[in-house]
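Undergrad: Here it is, the structure in full.
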Amino acid sequence: MGVAASSVLARFMLHRPAHPRLAWLGVAAVGLAAVALGTIVWRHARPRRRRRLQQVGTVAQLWIFPIKSCKGVAVSEAECTALGLRSGHLRDRFWLVIKEDGHMVTARQEPRLVLVSITYEDDHLILRAPGMDQLVLPSKLPSSNILHDCRIFGLDIKGRDCGNEAAQWFTNYLKSEAFRLVQFEKNMNGRPSRKLFSNSVQNYQDTWDEILIGNTEMKKVLACPRCILTTVDPDTGVIDRKEPLETLKSYRLCDPSEQKIYKSSPLFGIYYSVERIGSLKVGDPVYQMVQ
């Protein structure tokens with residue numbers, strides 16, 4: 001999630017925009033509102049209502065981004081859990097690069113993070129980056145690894161250290177200062193996403209208010225305001241600081257009545273909270289639930 005509306009997104013591509021950079025920043029037209037390294041709010045029970053289903057798209061691609069700001073892993077299906085997307089032991093945004101003081105590091109500060117590719121084999125993450133030997137990380141860390149106090153978009157959370165080898169790998173690759181890699185664990189609960197937004201944001205309405213994908217129900221929280229991260233070229237790791245933001249601002253600004261929510265950020269994508277957890281897969285129809 002960007003600075004303009006902080007979260008960690010799992011994204012579904014419904015169509016491909018004409019602008020190549022927009023195709024990357026909008027790997028989906030739909031996002032899941034997430035907290036910390038992937039926590040998403042959900043409710044066990046809610047009043048059932050009769051609603052008509054209107055198909056508005058199809059899931060063309062499904063991605064999990066294990067490490068914030070690094071490349072994603074394409075999967076054919078995933079569980080939509082209380083802590084974000086999961087495929088086996090692969091979890092969305094459960095890993096984070098931090099400074100030694102615990103503050104998060106993303107491609108806004110270190111744009112070359114977008115060049116770190118990830119594959120998943122035998123319960124291990126395999127990281128590769130230009131000029132670096134591969135790094136192999138277990139998906140589950142020993143409980144003896146120390147915990148760090150981490151700061152993410154104003155949230156204080158805990159992260160378990162991934163060890164000195166991982167820390168040295170990112171430090172050598174980024175070549176700016178010392179870094180650590182931490183892993184979020186499911187018992188390290190972040191703040192529910194509904195507590196992050198003011199009432200005016202929580203009540204934001206748009207045409208896709210509630211959707212159904214597979215057996216997962218989602219409800220819109222707000223539109224997705226885009227930040228400077230969208231100007232990082234995913235192929236070169238170079239930050240432009242202008243495009244595609246300037247182009248988006250020419251036709252994707254909010255209504256003047258919503259400026260207290262979105263300010264001057266262009267909108268592209270949607271954040272949803274999960275109302276009913278379930279599973280989804282490539283090829284699933286996307287339904288708008290109409291009253």
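Residues in the structure tokens are named by chain (A, B, ... in the order shown) and by number from 1 within that chain; ligands are numbered from 1 in the order shown.
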If we count only C-alpha atoms, what is near A:Leu85 at a cut-off of 7 Å, once residues fewer than 6 positions away on the same chain are taken out, given as a count of residues only?

TA: 6

Undergrad: Which residues are near A:Phe170? Cut-off 8 Å, only C-alpha atoms, ignore same chain within fewer than 6 positions. Put them as a PyMOL selection string.

TA: chain A and resi 179-181

Undergrad: Store the residues of this selection in a file with all heavy atoms, as a short mmCIF file (atom, residue, chain, number, x, y, z; two decimals), in the first residue's frame.

TA:
```
data_model
loop_
_atom_site.label_atom_id
_atom_site.label_comp_id
_atom_site.auth_asym_id
_atom_site.auth_seq_id
_atom_site.Cartn_x
_atom_site.Cartn_y
_atom_site.Cartn_z
N PHE A 179 20.69 -3.05 6.76
CA PHE A 179 19.28 -3.43 6.74
C PHE A 179 19.11 -4.79 7.40
O PHE A 179 20.04 -5.60 7.48
CB PHE A 179 18.75 -3.48 5.30
CG PHE A 179 18.82 -2.17 4.58
CD1 PHE A 179 19.82 -1.93 3.64
CD2 PHE A 179 17.90 -1.17 4.83
CE1 PHE A 179 19.89 -0.72 2.97
CE2 PHE A 179 17.96 0.05 4.17
CZ PHE A 179 18.96 0.27 3.24
N ARG A 180 17.88 -5.04 7.86
CA ARG A 180 17.48 -6.35 8.35
C ARG A 180 16.23 -6.79 7.58
O ARG A 180 15.49 -5.95 7.04
CB ARG A 180 17.14 -6.34 9.84
CG ARG A 180 18.14 -5.73 10.77
CD ARG A 180 19.41 -6.51 10.91
NE ARG A 180 19.25 -7.91 11.33
CZ ARG A 180 20.32 -8.71 11.54
NH1 ARG A 180 21.56 -8.23 11.38
NH2 ARG A 180 20.15 -9.97 11.90
N LEU A 181 16.00 -8.09 7.54
CA LEU A 181 14.77 -8.63 6.98
C LEU A 181 14.00 -9.28 8.12
O LEU A 181 14.57 -10.05 8.91
CB LEU A 181 15.06 -9.66 5.89
CG LEU A 181 13.83 -10.26 5.18
CD1 LEU A 181 13.15 -9.20 4.31
CD2 LEU A 181 14.22 -11.47 4.33
#
```

Undergrad: Looking at only C-alpha atoms, which of A:Phe184, A:Tyr271, A:Trp63, A:Tyr251 is the one that sits closest to A:Leu141?

TA: A:Phe184

Undergrad: Which residues, written as a list in words, have at least one atom at most 10 Å from A:Ile239, with only C-alpha atoms counted and residues fewer than 5 positions away on the same chain left out?

TA: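 Listing them by chain and then by number gives Ala107, Arg108, Gln109, Glu110, Pro111, Arg112, Ile228, Leu229, Thr230, Thr231, Val232, Asp233 and Pro234 of chain A.
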
Undergrad: Using the selection just defined, write its residues with N, CA, C and O atoms as a tab-separated table (two decimals), in the first residue's frame.

TA:
```tsv
chain	number	residue	atom	x	y	z
A	107	ALA	N	10.39	0.59	-1.82
A	107	ALA	CA	10.99	1.10	-3.06
A	107	ALA	C	10.93	2.61	-3.16
A	107	ALA	O	11.54	3.19	-4.05
A	108	ARG	N	10.18	3.27	-2.27
A	108	ARG	CA	10.22	4.74	-2.25
A	108	ARG	C	11.61	5.23	-1.86
A	108	ARG	O	12.12	6.20	-2.40
A	109	GLN	N	12.22	4.54	-0.87
A	109	GLN	CA	13.56	4.89	-0.44
A	109	GLN	C	14.64	4.12	-1.20
A	109	GLN	O	15.72	4.66	-1.48
A	110	GLU	N	14.37	2.88	-1.52
A	110	GLU	CA	15.33	2.01	-2.19
A	110	GLU	C	14.66	1.38	-3.41
A	110	GLU	O	14.19	0.25	-3.37
A	111	PRO	N	14.59	2.13	-4.53
A	111	PRO	CA	13.84	1.64	-5.70
A	111	PRO	C	14.35	0.33	-6.27
A	111	PRO	O	13.57	-0.40	-6.91
A	112	ARG	N	15.60	-0.04	-6.03
A	112	ARG	CA	16.12	-1.29	-6.59
A	112	ARG	C	15.54	-2.53	-5.91
A	112	ARG	O	15.76	-3.65	-6.36
A	228	ILE	N	4.25	8.00	-4.97
A	228	ILE	CA	5.48	8.10	-5.76
A	228	ILE	C	6.03	6.73	-6.15
A	228	ILE	O	6.79	6.61	-7.12
A	229	LEU	N	5.62	5.68	-5.43
A	229	LEU	CA	6.11	4.34	-5.75
A	229	LEU	C	5.75	3.93	-7.17
A	229	LEU	O	6.47	3.14	-7.80
A	230	THR	N	4.65	4.45	-7.69
A	230	THR	CA	4.24	4.08	-9.05
A	230	THR	C	5.21	4.59	-10.11
A	230	THR	O	5.15	4.15	-11.25
A	231	THR	N	6.11	5.49	-9.74
A	231	THR	CA	7.06	6.04	-10.72
A	231	THR	C	8.37	5.26	-10.75
A	231	THR	O	9.30	5.65	-11.45
A	232	VAL	N	8.44	4.16	-9.99
A	232	VAL	CA	9.61	3.28	-10.05
A	232	VAL	C	9.43	2.31	-11.21
A	232	VAL	O	8.43	1.58	-11.27
A	233	ASP	N	10.38	2.30	-12.13
A	233	ASP	CA	10.32	1.38	-13.27
A	233	ASP	C	10.62	-0.03	-12.77
A	233	ASP	O	11.73	-0.29	-12.28
A	234	PRO	N	9.69	-0.98	-12.89
A	234	PRO	CA	9.92	-2.33	-12.37
A	234	PRO	C	10.97	-3.11	-13.14
A	234	PRO	O	11.44	-4.14	-12.66
```

Undergrad: With distances taken over only C-alpha atoms, which residue among A:Leu83, A:Leu96, A:Ala74, A:Val116 lies nearest A:Gly237?

TA: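 The shortest atom-to-atom distance to A:Gly237 comes from A:Val116.
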
Undergrad: Which of these residues is nearest to A:Lys158, using only C-alpha atoms: A:Phe94, A:Tyr272, A:Trp208, A:Tyr120?

TA: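 Of A:Phe94, A:Tyr272, A:Trp208, A:Tyr120, the one nearest A:Lys158, counting only C-alpha atoms, is A:Phe94.
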
Undergrad: Identify all residues of stretch 37-171 of chain A in alpha helix (DSSP H) (DSSP on the backbone) and supply them as a list in words.

TA: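 Residues of stretch 37-171 of chain A classed as alpha helix (DSSP H): Asn164, Glu165, Ala166, Ala167, Gln168, Trp169, Phe170 and Thr171 of chain A.
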
Undergrad: Taking only C-alpha atoms into account, which of A:Val97, A:Asn187, A:Leu253, A:Pro130 comes nearest A:Ala166?

TA: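 Of A:Val97, A:Asn187, A:Leu253, A:Pro130, the one nearest A:Ala166, counting only C-alpha atoms, is A:Val97.
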
Undergrad: Using only C-alpha atoms, which residue out of A:Ile152, A:Ala223, A:Leu147, A:Val105 lies closest to A:Ser176?

TA: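 Of A:Ile152, A:Ala223, A:Leu147, A:Val105, the one nearest A:Ser176 is A:Val105, counting only C-alpha atoms.
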
Undergrad: May I ask for the distance between atom CA of A:Leu248 and atom CA of A:Leu267, given in Å to one decimal place?

TA: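 Going from atom CA of A:Leu248 over to atom CA of A:Leu267, I get 7.7 Å.
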